[in-house]
file input.pdb (PDB, C-alpha atoms and all ligand atoms)
MODEL        1
ATOM      1  CA  MET A   1      53.779 -20.335  74.711  1.00  0.00           C
ATOM      2  CA  ARG A   2      55.019 -21.816  77.979  1.00  0.00           C
ATOM      3  CA  GLN A   3      53.977 -25.269  76.807  1.00  0.00           C
ATOM      4  CA  CYS A   4      55.835 -24.667  73.587  1.00  0.00           C
ATOM      5  CA  VAL A   5      59.150 -23.275  74.886  1.00  0.00           C
ATOM      6  CA  GLY A   6      59.340 -25.468  78.002  1.00  0.00           C
ATOM      7  CA  ASN A   7      62.693 -24.854  79.636  1.00  0.00           C
ATOM      8  CA  LYS A   8      64.360 -23.758  76.401  1.00  0.00           C
ATOM      9  CA  ALA A   9      63.634 -20.108  77.111  1.00  0.00           C
ATOM     10  CA  VAL A  10      62.521 -17.678  79.761  1.00  0.00           C
ATOM     11  CA  ILE A  11      59.477 -15.674  78.679  1.00  0.00           C
ATOM     12  CA  CYS A  12      59.669 -12.007  79.689  1.00  0.00           C
ATOM     13  CA  PRO A  13      56.452 -10.083  79.022  1.00  0.00           C
ATOM     14  CA  LYS A  14      56.300  -6.381  78.067  1.00  0.00           C
ATOM     15  CA  VAL A  15      59.961  -5.515  77.968  1.00  0.00           C
ATOM     16  CA  GLY A  16      60.938  -1.947  77.092  1.00  0.00           C
ATOM     17  CA  LEU A  17      63.050  -1.603  73.948  1.00  0.00           C
ATOM     18  CA  LYS A  18      65.365   0.655  75.979  1.00  0.00           C
ATOM     19  CA  ASP A  19      66.103  -2.365  78.191  1.00  0.00           C
ATOM     20  CA  ILE A  20      66.988  -4.563  75.212  1.00  0.00           C
ATOM     21  CA  PHE A  21      68.850  -2.166  72.932  1.00  0.00           C
ATOM     22  CA  PHE A  22      71.312   0.614  73.595  1.00  0.00           C
ATOM     23  CA  ILE A  23      72.168   3.767  71.707  1.00  0.00           C
ATOM     24  CA  ASP A  24      75.669   3.932  70.303  1.00  0.00           C
ATOM     25  CA  LYS A  25      77.522   6.549  72.372  1.00  0.00           C
ATOM     26  CA  GLY A  26      79.126   7.679  69.123  1.00  0.00           C
ATOM     27  CA  VAL A  27      75.983   9.689  68.288  1.00  0.00           C
ATOM     28  CA  GLY A  28      77.155  12.294  70.838  1.00  0.00           C
ATOM     29  CA  LYS A  29      74.698  15.090  71.518  1.00  0.00           C
ATOM     30  CA  ASP A  30      71.970  13.334  69.500  1.00  0.00           C
ATOM     31  CA  TYR A  31      71.827  10.621  72.188  1.00  0.00           C
ATOM     32  CA  MET A  32      68.507  11.782  73.671  1.00  0.00           C
ATOM     33  CA  LYS A  33      66.958  12.158  70.225  1.00  0.00           C
ATOM     34  CA  TYR A  34      67.577   8.483  69.472  1.00  0.00           C
ATOM     35  CA  PHE A  35      66.852   7.338  73.006  1.00  0.00           C
ATOM     36  CA  GLY A  36      63.446   9.037  72.729  1.00  0.00           C
ATOM     37  CA  LYS A  37      62.610   6.838  69.759  1.00  0.00           C
ATOM     38  CA  ILE A  38      62.854   3.653  71.822  1.00  0.00           C
ATOM     39  CA  ALA A  39      62.102   4.979  75.333  1.00  0.00           C
ATOM     40  CA  GLN A  40      58.332   4.420  75.207  1.00  0.00           C
ATOM     41  CA  LYS A  41      58.201   1.292  73.063  1.00  0.00           C
ATOM     42  CA  HIS A  42      57.736  -2.254  74.332  1.00  0.00           C
ATOM     43  CA  VAL A  43      57.808  -5.718  72.892  1.00  0.00           C
ATOM     44  CA  ASP A  44      54.990  -8.081  73.896  1.00  0.00           C
ATOM     45  CA  PHE A  45      57.359 -10.926  74.788  1.00  0.00           C
ATOM     46  CA  LEU A  46      61.103 -11.322  74.893  1.00  0.00           C
ATOM     47  CA  LEU A  47      62.418 -14.885  74.928  1.00  0.00           C
ATOM     48  CA  CYS A  48      65.760 -15.266  76.689  1.00  0.00           C
ATOM     49  CA  ASP A  49      68.250 -18.083  76.986  1.00  0.00           C
ATOM     50  CA  PRO A  50      67.634 -19.662  80.428  1.00  0.00           C
ATOM     51  CA  ASP A  51      71.357 -19.937  81.251  1.00  0.00           C
ATOM     52  CA  SER A  52      72.762 -16.631  80.021  1.00  0.00           C
ATOM     53  CA  MET A  53      69.530 -14.572  79.781  1.00  0.00           C
ATOM     54  CA  GLU A  54      70.775 -13.513  76.362  1.00  0.00           C
ATOM     55  CA  PRO A  55      67.787 -12.422  74.235  1.00  0.00           C
ATOM     56  CA  LEU A  56      66.744 -15.061  71.688  1.00  0.00           C
ATOM     57  CA  CYS A  57      63.926 -13.207  69.962  1.00  0.00           C
ATOM     58  CA  GLY A  58      61.180 -10.673  70.412  1.00  0.00           C
ATOM     59  CA  ILE A  59      57.562 -11.601  69.794  1.00  0.00           C
ATOM     60  CA  GLU A  60      54.944  -9.062  68.777  1.00  0.00           C
ATOM     61  CA  LEU A  61      51.263  -9.753  68.586  1.00  0.00           C
ATOM     62  CA  ASP A  62      49.902  -7.720  65.700  1.00  0.00           C
ATOM     63  CA  ASP A  63      46.349  -6.608  66.328  1.00  0.00           C
ATOM     64  CA  ILE A  64      44.121  -4.493  64.116  1.00  0.00           C
ATOM     65  CA  SER A  65      45.889  -1.318  65.303  1.00  0.00           C
ATOM     66  CA  HIS A  66      48.932  -2.405  63.289  1.00  0.00           C
ATOM     67  CA  THR A  67      47.142  -1.741  60.014  1.00  0.00           C
ATOM     68  CA  ASN A  68      47.005   2.057  60.221  1.00  0.00           C
ATOM     69  CA  LYS A  69      49.672   4.278  58.711  1.00  0.00           C
ATOM     70  CA  LYS A  70      51.234   5.455  61.975  1.00  0.00           C
ATOM     71  CA  ALA A  71      51.509   1.919  63.312  1.00  0.00           C
ATOM     72  CA  TYR A  72      53.008   0.819  60.002  1.00  0.00           C
ATOM     73  CA  LYS A  73      55.751   3.445  60.338  1.00  0.00           C
ATOM     74  CA  ARG A  74      56.359   2.332  63.922  1.00  0.00           C
ATOM     75  CA  ASP A  75      56.575  -1.320  62.841  1.00  0.00           C
ATOM     76  CA  ILE A  76      59.096  -0.525  60.107  1.00  0.00           C
ATOM     77  CA  PHE A  77      61.245   1.410  62.589  1.00  0.00           C
ATOM     78  CA  VAL A  78      61.098  -1.331  65.231  1.00  0.00           C
ATOM     79  CA  GLU A  79      61.961  -3.995  62.679  1.00  0.00           C
ATOM     80  CA  LYS A  80      64.993  -1.990  61.651  1.00  0.00           C
ATOM     81  CA  VAL A  81      66.124  -1.730  65.273  1.00  0.00           C
ATOM     82  CA  TYR A  82      65.936  -5.524  65.673  1.00  0.00           C
ATOM     83  CA  ASN A  83      67.634  -6.005  62.348  1.00  0.00           C
ATOM     84  CA  ASP A  84      70.525  -3.700  63.205  1.00  0.00           C
ATOM     85  CA  ALA A  85      70.981  -5.466  66.557  1.00  0.00           C
ATOM     86  CA  ASN A  86      70.819  -8.847  64.816  1.00  0.00           C
ATOM     87  CA  LEU A  87      67.957  -9.981  67.027  1.00  0.00           C
ATOM     88  CA  GLU A  88      65.031 -11.831  65.555  1.00  0.00           C
ATOM     89  CA  LEU A  89      61.543 -10.311  65.758  1.00  0.00           C
ATOM     90  CA  ILE A  90      58.614 -12.636  65.275  1.00  0.00           C
ATOM     91  CA  ARG A  91      55.236 -11.163  64.441  1.00  0.00           C
ATOM     92  CA  ILE A  92      52.136 -13.163  65.188  1.00  0.00           C
ATOM     93  CA  SER A  93      48.704 -11.872  64.274  1.00  0.00           C
ATOM     94  CA  SER A  94      46.680 -11.378  67.389  1.00  0.00           C
ATOM     95  CA  LYS A  95      43.577 -13.459  68.067  1.00  0.00           C
ATOM     96  CA  SER A  96      41.698 -14.857  71.050  1.00  0.00           C
ATOM     97  CA  GLY A  97      43.410 -18.248  71.052  1.00  0.00           C
ATOM     98  CA  TYR A  98      46.181 -20.291  69.469  1.00  0.00           C
ATOM     99  CA  THR A  99      46.768 -23.988  69.009  1.00  0.00           C
ATOM    100  CA  LEU A 100      50.033 -25.386  70.286  1.00  0.00           C
ATOM    101  CA  SER A 101      51.149 -26.210  66.756  1.00  0.00           C
ATOM    102  CA  GLU A 102      50.534 -22.630  65.598  1.00  0.00           C
ATOM    103  CA  VAL A 103      52.846 -21.343  68.314  1.00  0.00           C
ATOM    104  CA  GLU A 104      55.383 -24.073  67.566  1.00  0.00           C
ATOM    105  CA  THR A 105      55.335 -23.148  63.878  1.00  0.00           C
ATOM    106  CA  ALA A 106      55.933 -19.491  64.670  1.00  0.00           C
ATOM    107  CA  LEU A 107      58.835 -20.275  66.996  1.00  0.00           C
ATOM    108  CA  THR A 108      60.547 -23.064  65.061  1.00  0.00           C
ATOM    109  CA  GLY A 109      63.491 -21.021  63.832  1.00  0.00           C
ATOM    110  CA  VAL A 110      64.275 -19.625  67.291  1.00  0.00           C
ATOM    111  CA  PHE A 111      65.669 -22.786  68.824  1.00  0.00           C
ATOM    112  CA  ASP A 112      67.093 -24.420  65.750  1.00  0.00           C
ATOM    113  CA  LYS A 113      68.593 -21.914  63.354  1.00  0.00           C
ATOM    114  CA  SER A 114      69.727 -24.644  60.969  1.00  0.00           C
ATOM    115  CA  LYS A 115      66.261 -26.078  60.590  1.00  0.00           C
ATOM    116  CA  LYS A 116      64.522 -23.789  58.154  1.00  0.00           C
ATOM    117  CA  ILE A 117      62.661 -26.574  56.431  1.00  0.00           C
ATOM    118  CA  PHE A 118      60.696 -29.102  58.351  1.00  0.00           C
ATOM    119  CA  THR A 119      57.954 -31.576  57.647  1.00  0.00           C
ATOM    120  CA  ILE A 120      54.523 -31.375  59.178  1.00  0.00           C
ATOM    121  CA  GLN A 121      51.961 -34.159  59.608  1.00  0.00           C
ATOM    122  CA  ASN A 122      50.559 -34.096  56.088  1.00  0.00           C
ATOM    123  CA  ASN A 123      54.062 -34.221  54.582  1.00  0.00           C
ATOM    124  CA  THR A 124      53.899 -30.718  53.168  1.00  0.00           C
ATOM    125  CA  GLU A 125      57.206 -28.936  53.364  1.00  0.00           C
ATOM    126  CA  ILE A 126      57.100 -25.646  55.230  1.00  0.00           C
ATOM    127  CA  VAL A 127      59.829 -23.107  54.689  1.00  0.00           C
ATOM    128  CA  LEU A 128      60.152 -20.445  57.326  1.00  0.00           C
ATOM    129  CA  CYS A 129      61.339 -16.947  56.518  1.00  0.00           C
ATOM    130  CA  PRO A 130      64.856 -16.644  58.014  1.00  0.00           C
ATOM    131  CA  LYS A 131      63.980 -13.193  59.320  1.00  0.00           C
ATOM    132  CA  CYS A 132      60.350 -13.442  60.450  1.00  0.00           C
ATOM    133  CA  SER A 133      59.975 -17.200  61.005  1.00  0.00           C
ATOM    134  CA  MET A 134      56.683 -17.049  59.158  1.00  0.00           C
ATOM    135  CA  PRO A 135      55.815 -19.903  56.822  1.00  0.00           C
ATOM    136  CA  MET A 136      56.832 -18.671  53.378  1.00  0.00           C
ATOM    137  CA  VAL A 137      54.598 -18.754  50.339  1.00  0.00           C
ATOM    138  CA  ILE A 138      55.404 -19.897  46.820  1.00  0.00           C
ATOM    139  CA  ARG A 139      55.531 -17.036  44.344  1.00  0.00           C
ATOM    140  CA  LYS A 140      56.368 -16.809  40.684  1.00  0.00           C
ATOM    141  CA  ALA A 141      58.889 -14.310  39.335  1.00  0.00           C
ATOM    142  CA  SER A 142      57.119 -12.090  36.821  1.00  0.00           C
ATOM    143  CA  LYS A 143      60.167 -10.453  35.262  1.00  0.00           C
ATOM    144  CA  GLY A 144      63.928 -10.601  35.038  1.00  0.00           C
ATOM    145  CA  GLN A 145      66.038 -13.569  34.045  1.00  0.00           C
ATOM    146  CA  ASN A 146      64.132 -15.806  36.462  1.00  0.00           C
ATOM    147  CA  ALA A 147      60.710 -14.941  34.983  1.00  0.00           C
ATOM    148  CA  GLY A 148      58.308 -17.842  35.348  1.00  0.00           C
ATOM    149  CA  LYS A 149      60.461 -19.509  38.002  1.00  0.00           C
ATOM    150  CA  GLU A 150      58.904 -20.232  41.384  1.00  0.00           C
ATOM    151  CA  PHE A 151      60.486 -19.158  44.648  1.00  0.00           C
ATOM    152  CA  TYR A 152      59.583 -18.886  48.308  1.00  0.00           C
ATOM    153  CA  GLY A 153      58.686 -15.357  49.409  1.00  0.00           C
ATOM    154  CA  CYS A 154      57.945 -13.966  52.836  1.00  0.00           C
ATOM    155  CA  PRO A 155      54.272 -13.295  53.644  1.00  0.00           C
ATOM    156  CA  ASN A 156      55.435  -9.985  55.136  1.00  0.00           C
ATOM    157  CA  PHE A 157      56.525  -8.730  51.707  1.00  0.00           C
ATOM    158  CA  PRO A 158      57.088  -5.830  50.948  1.00  0.00           C
ATOM    159  CA  LYS A 159      58.208  -5.189  54.555  1.00  0.00           C
ATOM    160  CA  CYS A 160      60.423  -8.277  54.380  1.00  0.00           C
ATOM    161  CA  LYS A 161      62.198  -9.056  51.137  1.00  0.00           C
ATOM    162  CA  GLU A 162      63.642 -12.444  52.117  1.00  0.00           C
ATOM    163  CA  ILE A 163      63.412 -15.033  49.363  1.00  0.00           C
ATOM    164  CA  ILE A 164      64.579 -18.621  49.083  1.00  0.00           C
ATOM    165  CA  ASN A 165      65.103 -20.121  45.665  1.00  0.00           C
ATOM    166  CA  ILE A 166      63.496 -23.426  44.853  1.00  0.00           C
ATOM    167  CA  ASP A 167      66.075 -25.733  43.368  1.00  0.00           C
ATOM    168  CA  CYS A 168      64.720 -28.025  40.710  1.00  0.00           C
TER     169      CYS A 168
HETATM  170 ZN    ZN B   1      60.205 -12.364  56.299  1.00  0.00          ZN
ENDMDL
END

call {"tool": "encode", "arguments": {"input": "input.pdb", "output": "structure tokens", "more": "lines below"}}
Ligand SMILES: [Zn+2]
result
Amino acid sequence: MRQCVGNKAVICPKVGLKDIFFIDKGVGKDYMKYFGKIAQKHVDFLLCDPDSMEPLCGIELDDISHTNKKAYKRDIFVEKVYNDANLELIRISSKSGYTLSEVETALTGVFDKSKKIFTIQNNTEIVLCPKCSMPMVIRKASKGQNAGKEFYGCPNFPKCKEIINIDC
């Protein structure tokens, strides 16, 4: 990841969600109830702008433990927290090693928000999900007025419902 981000970001490992997000004081006496929901949770990596230290995105490595029901509920909650704070959360499935280009692909949207579509070596267009920065997959609408039409869908569906229409 250091090779990939260079000096475009500072990599902070294992940051507590309570250090990234704050609870709206407007919740009054429920403050501790909400604080408790984020107090013990961490993100694997937080990338920050090197000049302002403003958070750029969170990165979670999803291992096998993310497939059980409790972890699924946790993931949904955490994603909502990021969403509400308008901070990107990138999920990468955990494995023993990554190639540089895999990491670059996962992080593309972080440094260049305007560049959702880019070309890779074999000239295949890759469209990244605007929310998850995962390469999107082509799906076909099965019903509705767009039935039969192809579109890009997020691989995290149904957790992420981002779609991008294919203009033809
Ligand atoms: Zn998505």

call {"tool": "residues_near_point", "arguments": {"input": "input.pdb", "point": "(70.5, -19.0, 79.2)", "cutoff": "12 Å", "atoms": "only C-alpha atoms", "output": "MDAnalysis selection string"}}
result
chainID A and resid 7:11 47:56

call {"tool": "atom_distance", "arguments": {"input": "input.pdb", "atom1": "CA of Leu107 in chain A", "atom2": "CA of Val137 in chain A"}}
result
17.3 Å

call {"tool": "residues_near_ligand", "arguments": {"input": "input.pdb", "ligand": "ligand ZN 1 (chain B)", "cutoff": "12 Å", "atoms": "all atoms listed in the file", "output": "PyMOL selection string"}}
result
chain A and resi 79+83+88-91+106+109+127-137+152-164

call {"tool": "atom_distance", "arguments": {"input": "input.pdb", "atom1": "CA of Ile64 in chain A", "atom2": "CA of Ser94 in chain A"}}
result
8.0 Å

call {"tool": "residues_near_point", "arguments": {"input": "input.pdb", "point": "(57.6, -11.6, 69.4)", "cutoff": "8 Å", "atoms": "all atoms listed in the file", "output": "list in words"}}
result
Val43, Asp44, Phe45, Leu46, Cys57, Gly58, Ile59, Glu60, Leu61, Leu89, Ile90, Arg91 and Ile92 of chain A

call {"tool": "residues_around", "arguments": {"input": "input.pdb", "residues": "Val103 in chain A", "least_positions_apart": "5", "cutoff": "9 Å", "atoms": "only C-alpha atoms", "output": "count of residues only"}}
result
5

call {"tool": "atom_distance", "arguments": {"input": "input.pdb", "atom1": "CA of Val27 in chain A", "atom2": "CA of Val15 in chain A"}}
result
24.1 Å

call {"tool": "residues_around", "arguments": {"input": "input.pdb", "residues": "range 31-36 of chain A", "least_positions_apart": "5", "cutoff": "10 Å", "atoms": "all atoms listed in the file", "output": "number ranges by chain"}}
result
A: 17-18, 21-26, 41

call {"tool": "write_last_selection", "arguments": {"input": "input.pdb", "atoms": "C-alpha atoms", "output": "PDB file, keeping the file's coordinate frame"}}
result
ATOM      1  CA  LEU A  17      63.050  -1.603  73.948  1.00  0.00           C
ATOM      2  CA  LYS A  18      65.365   0.655  75.979  1.00  0.00           C
ATOM      3  CA  PHE A  21      68.850  -2.166  72.932  1.00  0.00           C
ATOM      4  CA  PHE A  22      71.312   0.614  73.595  1.00  0.00           C
ATOM      5  CA  ILE A  23      72.168   3.767  71.707  1.00  0.00           C
ATOM      6  CA  ASP A  24      75.669   3.932  70.303  1.00  0.00           C
ATOM      7  CA  LYS A  25      77.522   6.549  72.372  1.00  0.00           C
ATOM      8  CA  GLY A  26      79.126   7.679  69.123  1.00  0.00           C
ATOM      9  CA  LYS A  41      58.201   1.292  73.063  1.00  0.00           C
TER      10      LYS A  41
END

call {"tool": "closest_residue", "arguments": {"input": "input.pdb", "among": "A:Asp19, A:Asn68, A:Val78, A:Cys12", "to": "Lys37 in chain A", "atoms": "all atoms listed in the file"}}
result
A:Val78

call {"tool": "build_atoms", "arguments": {"input": "input.pdb", "residues": "range 132-150 of chain A", "atoms": "N, CA, C and O atoms", "output": "tab-separated table (two decimals), keeping the file's coordinate frame"}}
result
chain	number	residue	atom	x	y	z
A	132	CYS	N	61.60	-13.58	59.69
A	132	CYS	CA	60.35	-13.44	60.45
A	132	CYS	C	59.87	-14.77	61.02
A	132	CYS	O	58.92	-14.78	61.80
A	133	SER	N	60.43	-15.87	60.60
A	133	SER	CA	59.98	-17.20	61.00
A	133	SER	C	58.52	-17.48	60.64
A	133	SER	O	57.87	-18.28	61.27
A	134	MET	N	58.05	-16.78	59.63
A	134	MET	CA	56.68	-17.05	59.16
A	134	MET	C	56.79	-18.08	58.04
A	134	MET	O	57.74	-18.06	57.27
A	135	PRO	N	55.79	-18.96	57.94
A	135	PRO	CA	55.82	-19.90	56.82
A	135	PRO	C	55.78	-19.13	55.50
A	135	PRO	O	54.92	-18.28	55.30
A	136	MET	N	56.73	-19.43	54.63
A	136	MET	CA	56.83	-18.67	53.38
A	136	MET	C	55.85	-19.20	52.35
A	136	MET	O	55.36	-20.33	52.46
A	137	VAL	N	55.56	-18.37	51.37
A	137	VAL	CA	54.60	-18.75	50.34
A	137	VAL	C	55.31	-18.85	48.99
A	137	VAL	O	56.29	-18.16	48.74
A	138	ILE	N	54.79	-19.73	48.14
A	138	ILE	CA	55.40	-19.90	46.82
A	138	ILE	C	54.92	-18.79	45.89
A	138	ILE	O	53.72	-18.53	45.78
A	139	ARG	N	55.87	-18.10	45.29
A	139	ARG	CA	55.53	-17.04	44.34
A	139	ARG	C	56.23	-17.32	43.03
A	139	ARG	O	57.15	-18.11	42.96
A	140	LYS	N	55.76	-16.63	42.00
A	140	LYS	CA	56.37	-16.81	40.68
A	140	LYS	C	56.99	-15.50	40.25
A	140	LYS	O	56.33	-14.45	40.34
A	141	ALA	N	58.24	-15.53	39.81
A	141	ALA	CA	58.89	-14.31	39.34
A	141	ALA	C	58.21	-13.85	38.06
A	141	ALA	O	57.99	-14.65	37.14
A	142	SER	N	57.86	-12.56	38.00
A	142	SER	CA	57.12	-12.09	36.82
A	142	SER	C	58.05	-11.46	35.79
A	142	SER	O	57.71	-11.33	34.63
A	143	LYS	N	59.25	-11.04	36.24
A	143	LYS	CA	60.17	-10.45	35.26
A	143	LYS	C	61.60	-10.82	35.61
A	143	LYS	O	61.85	-11.54	36.58
A	144	GLY	N	62.51	-10.30	34.81
A	144	GLY	CA	63.93	-10.60	35.04
A	144	GLY	C	64.32	-11.94	34.45
A	144	GLY	O	63.49	-12.61	33.81
A	145	GLN	N	65.56	-12.33	34.68
A	145	GLN	CA	66.04	-13.57	34.04
A	145	GLN	C	65.40	-14.82	34.66
A	145	GLN	O	65.48	-15.89	34.08
A	146	ASN	N	64.79	-14.67	35.83
A	146	ASN	CA	64.13	-15.81	36.46
A	146	ASN	C	62.63	-15.83	36.20
A	146	ASN	O	61.90	-16.57	36.87
A	147	ALA	N	62.15	-15.03	35.26
A	147	ALA	CA	60.71	-14.94	34.98
A	147	ALA	C	60.11	-16.33	34.80
A	147	ALA	O	60.67	-17.19	34.11
A	148	GLY	N	58.98	-16.55	35.47
A	148	GLY	CA	58.31	-17.84	35.35
A	148	GLY	C	58.78	-18.85	36.38
A	148	GLY	O	58.11	-19.84	36.64
A	149	LYS	N	59.92	-18.58	37.00
A	149	LYS	CA	60.46	-19.51	38.00
A	149	LYS	C	59.77	-19.29	39.35
A	149	LYS	O	59.52	-18.16	39.74
A	150	GLU	N	59.53	-20.36	40.07
A	150	GLU	CA	58.90	-20.23	41.38
A	150	GLU	C	59.95	-20.08	42.49
A	150	GLU	O	61.06	-20.59	42.38
